[in-house]
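Right, one structure below, let's go through it.
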Amino acid sequence: MIPRKVIALEPYDASQIRQWLKLATQFLDDSLGVITPPKYQTALAHQSVGLLFFEPSTRTRVSFELAAKHLGASTILLNEQGSSMSKGESVMDTCANLAAMGVGAFVMRHKSREIIEQVGAALPTPLLNAGNGNGEHPSQGLLDALTLCAHFHYKAHRAWDYSLQGRTIAIVGDIAHSRVARSDVHVLERLGAQVTLAGPPELLPEVGQPGWGEARRTSSLEDALEGADAVIVLRVQRERLGQLEVDPAQYAQRWRVGQAHLALMKPDAVVLHPGPVIRGEELEAQVADGPKSLILQQVRCGVAVRQALLLSVMGAA
Ligand code: NCD
């Protein structure tokens with residue numbers, strides 16, 4: 001059964017993940033730029049997608065909006081300021097009202113992990129999680145996987161293959177507070193990769209904590225990067241640190257991924273980052289802009305993945 005609500009990647013097997021990725025590749029051209037083949041340009045005509053962003057966002061919000069519009073849908077953008085939520089209306093009531101007006105799907109980002117699950121359980125409207133607190137960020141996980149498959153298969157052999165078998169992928173930074181890392185672990189492991197989580201002990205999830213698959217943990221950047229095929233660098237998510245204090249200068253000195261680190265990795269290794277990049281803190285600008293960086297390719301793949309997800313949950317794939 002095709003899922004109509006995608007809140008997390010953890011429940012899905014490799015076959016479902018490959019279906020989403022395969023559909024997404026239809027929205028990439030030969031040079032991996034974003035396209036919409038004519039047959040999809042009106043696939044969501046006369047439908048509307050509600051973009052409910054209750055936390056800041058640039059890439060995710062804009063790419064969902066572009067994705068919906070490329071498929072012929074209209075979009076409604078709502079955040080807390082400027083909506084009746086600022087008068088005290090609940091997320092649930094807001095969603096129920098939008099659904100009653102005929103909004104065809106919700107894309108939601110919220111600081112709470114649970115609210116999206118409650119909306120999903122209460123309303124039949126198709127629903128995509130665009131980041132729920134430190135929960136999951138499924139479209140980011142899928143776009144990271146697509147970017148890696150594009151690099152290791154399509155760019156190298158001009159043929160798509162949705163496998164990362166035998167690849168070692170390091171995720172470096174503030175893992176514990178990252179919804180991107182959680183979704184990445186699931187999707188990368190389903191496709192056969194071995195994942196290493198690396199960061200200072202206080203920013204690593206505890207061993208045995210559910211939701212982290214089989215991923216290995218290390219508190220040595222060098223150990224994580226040694227022989228790796230790719231590194232996904234994450235920022236320190238200060239908005240979720242609570243009482244924890246992380247000194248930016250000390251963090252940068254120990255954990256910033258720089259040019260010298262790349263020599264530890266495989267010769268064809270690549271660097272990813274979901275954004276926003278805090279240049280100089282977790283990543284050297286030279287690396288972010290360098291030949292191994294796939295950061296802007298991730299953004300292109302993001303539009304393609306979001307087109308695939310919208311089509312899929314709205315029953316138009
Ligand atoms: C991430 C997010 O918001 O979860 N960004 C994104 O969606 N591209 C990562 C982050 O904020 O660090």
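Labels for the structure tokens follow display order: chains A, B, ..., residues from 1 in each chain, ligands from 1.
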All residues 12 Å or closer to Glu239 in chain A, only C-alpha atoms, same chain fewer than 2 positions away omitted, as a list in words: Glu55, Pro56, Lys111, Gly133, Asn134, Asp174, His177, Ser178, Arg235, Val236, Gln237, Leu241, Gly242, Gln243, Leu244, Glu245 and Val246 of chain A
Can you pull out every residue within 12 Å of Lys22 in chain A, counting only C-alpha atoms, but drop anything in the same chain fewer than 3 positions away, and send it as a ChimeraX atom specification? /A:14-19,25-28,142-143,145-146,149-150,159-163,301,304-305,307-309,312,317
Using only C-alpha atoms, pick whichever of A:Val303, A:Leu197, A:Val180, A:Ala228 has the shortest atom-to-atom distance to Arg167 in chain A.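 Counting only C-alpha atoms, the residue closest to Arg167 in chain A is A:Ala228.
Of the residues listed (A:Pro267, A:Gly82, A:Gly120, A:Gly199), A:Gly199 shows the shortest atom-to-atom separation from Arg216 in chain A; distances use only C-alpha atoms.
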Let me have all residues with an atom within 6 Å of ligand 1, counting only C-alpha atoms and all ligand atoms, laid out as a VMD selection string. chain A and resid 59 to 60 131 179 to 180 235 237 274 to 276
Please determine, counting only C-alpha atoms, which residue among A:Glu282, A:Asp144, A:Asp229, A:Asp30 has the shortest atom-to-atom distance to Asp247 in chain A.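 Under the stated criterion, the closest residue is A:Glu282.
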Set the distance at 10 Å and use only C-alpha atoms: which residues neighbour range 43-52 of chain A once local chain neighbours fewer than 3 positions away are removed? I'd like the list as a PyMOL selection string. chain A and resi 38-40+55+61-62+64-65+68-80+91+94-95+98-99+102-110+126-130+310-311+314-317
Give me every helix (DSSP H, G or I) residue in range 28-232 of chain A, going by DSSP on the backbone, as JSON, numbers by chain. {"A": [38, 39, 40, 59, 60, 61, 62, 63, 64, 65, 66, 67, 68, 69, 70, 84, 85, 86, 87, 91, 92, 93, 94, 95, 96, 97, 98, 99, 100, 115, 116, 117, 118, 119, 120, 121, 122, 138, 139, 140, 141, 142, 143, 144, 145, 146, 147, 148, 149, 150, 151, 152, 153, 154, 155, 156, 157, 179, 180, 181, 182, 183, 184, 185, 186, 187, 188, 189, 190, 201, 202, 203, 221, 222, 223, 224, 225]}
Looking only at the backbone, which of the residues in range 212-272 of chain A does DSSP tag as strand (DSSP E), as JSON, numbers by chain? {"A": [216, 217, 218, 230, 231, 232, 233, 270, 271, 272]}
Export N, CA, C and O atoms of the chosen residues as a PDB file, in the first residue's frame?
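Output file part_39.pdb follows:
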```
ATOM      1  N   ARG A 216      27.356   2.929  14.174  1.00  0.00           N
ATOM      2  CA  ARG A 216      28.491   2.946  15.108  1.00  0.00           C
ATOM      3  C   ARG A 216      28.671   4.361  15.624  1.00  0.00           C
ATOM      4  O   ARG A 216      28.377   5.327  14.915  1.00  0.00           O
ATOM      5  N   ARG A 217      29.135   4.513  16.860  1.00  0.00           N
ATOM      6  CA  ARG A 217      29.391   5.846  17.421  1.00  0.00           C
ATOM      7  C   ARG A 217      30.873   6.007  17.699  1.00  0.00           C
ATOM      8  O   ARG A 217      31.527   5.071  18.140  1.00  0.00           O
ATOM      9  N   THR A 218      31.377   7.215  17.478  1.00  0.00           N
ATOM     10  CA  THR A 218      32.756   7.511  17.867  1.00  0.00           C
ATOM     11  C   THR A 218      32.861   8.987  18.246  1.00  0.00           C
ATOM     12  O   THR A 218      32.103   9.814  17.730  1.00  0.00           O
ATOM     13  N   ALA A 230      31.760   9.028   2.303  1.00  0.00           N
ATOM     14  CA  ALA A 230      31.062  10.320   2.339  1.00  0.00           C
ATOM     15  C   ALA A 230      30.973  10.786   3.782  1.00  0.00           C
ATOM     16  O   ALA A 230      30.970   9.973   4.706  1.00  0.00           O
ATOM     17  N   VAL A 231      30.913  12.108   3.929  1.00  0.00           N
ATOM     18  CA  VAL A 231      30.637  12.665   5.257  1.00  0.00           C
ATOM     19  C   VAL A 231      29.449  13.622   5.133  1.00  0.00           C
ATOM     20  O   VAL A 231      29.378  14.419   4.196  1.00  0.00           O
ATOM     21  N   ILE A 232      28.523  13.473   6.056  1.00  0.00           N
ATOM     22  CA  ILE A 232      27.400  14.408   6.144  1.00  0.00           C
ATOM     23  C   ILE A 232      27.663  15.254   7.387  1.00  0.00           C
ATOM     24  O   ILE A 232      27.709  14.731   8.501  1.00  0.00           O
ATOM     25  N   VAL A 233      27.923  16.544   7.175  1.00  0.00           N
ATOM     26  CA  VAL A 233      28.282  17.433   8.283  1.00  0.00           C
ATOM     27  C   VAL A 233      27.015  18.132   8.773  1.00  0.00           C
ATOM     28  O   VAL A 233      26.204  18.590   7.958  1.00  0.00           O
ATOM     29  N   VAL A 270      32.935  12.277  -0.851  1.00  0.00           N
ATOM     30  CA  VAL A 270      32.194  13.527  -1.028  1.00  0.00           C
ATOM     31  C   VAL A 270      31.690  14.069   0.310  1.00  0.00           C
ATOM     32  O   VAL A 270      31.641  13.345   1.308  1.00  0.00           O
ATOM     33  N   VAL A 271      31.332  15.361   0.276  1.00  0.00           N
ATOM     34  CA  VAL A 271      30.908  16.068   1.489  1.00  0.00           C
ATOM     35  C   VAL A 271      29.483  16.574   1.295  1.00  0.00           C
ATOM     36  O   VAL A 271      29.183  17.234   0.290  1.00  0.00           O
ATOM     37  N   LEU A 272      28.632  16.270   2.255  1.00  0.00           N
ATOM     38  CA  LEU A 272      27.243  16.757   2.225  1.00  0.00           C
ATOM     39  C   LEU A 272      26.955  17.566   3.481  1.00  0.00           C
ATOM     40  O   LEU A 272      27.630  17.398   4.521  1.00  0.00           O
TER      41      LEU A 272
END
```
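In this model, the gap between CA of Ile175 in chain A and CA of Leu262 in chain A comes to 20.3 Å.
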Which of these residues is nearest to Ala122 in chain A, using only C-alpha atoms: A:Lys292, A:Arg306, A:Arg254, A:Lys5?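 So, comparing all the options, the nearest one is A:Lys5.
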Rank nothing, just name the residue among A:Thr147, A:Thr42, A:Gln81, A:Thr125 nearest to Ala24 in chain A, using only C-alpha atoms. A:Thr147
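Picture a line from CA of Arg182 in chain A to CA of Trp212 in chain A; it runs 6.3 Å.
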For Ser219 in chain A, list every protein, DNA or RNA residue within 7 Å, evaluated using only C-alpha atoms, and leave out those in the same chain fewer than 4 positions away; present the list as a ChimeraX atom specification. /A:198-201
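Atom pair CA of Ala170 in chain A / CA of Glu222 in chain A: separated by 10.5 Å.
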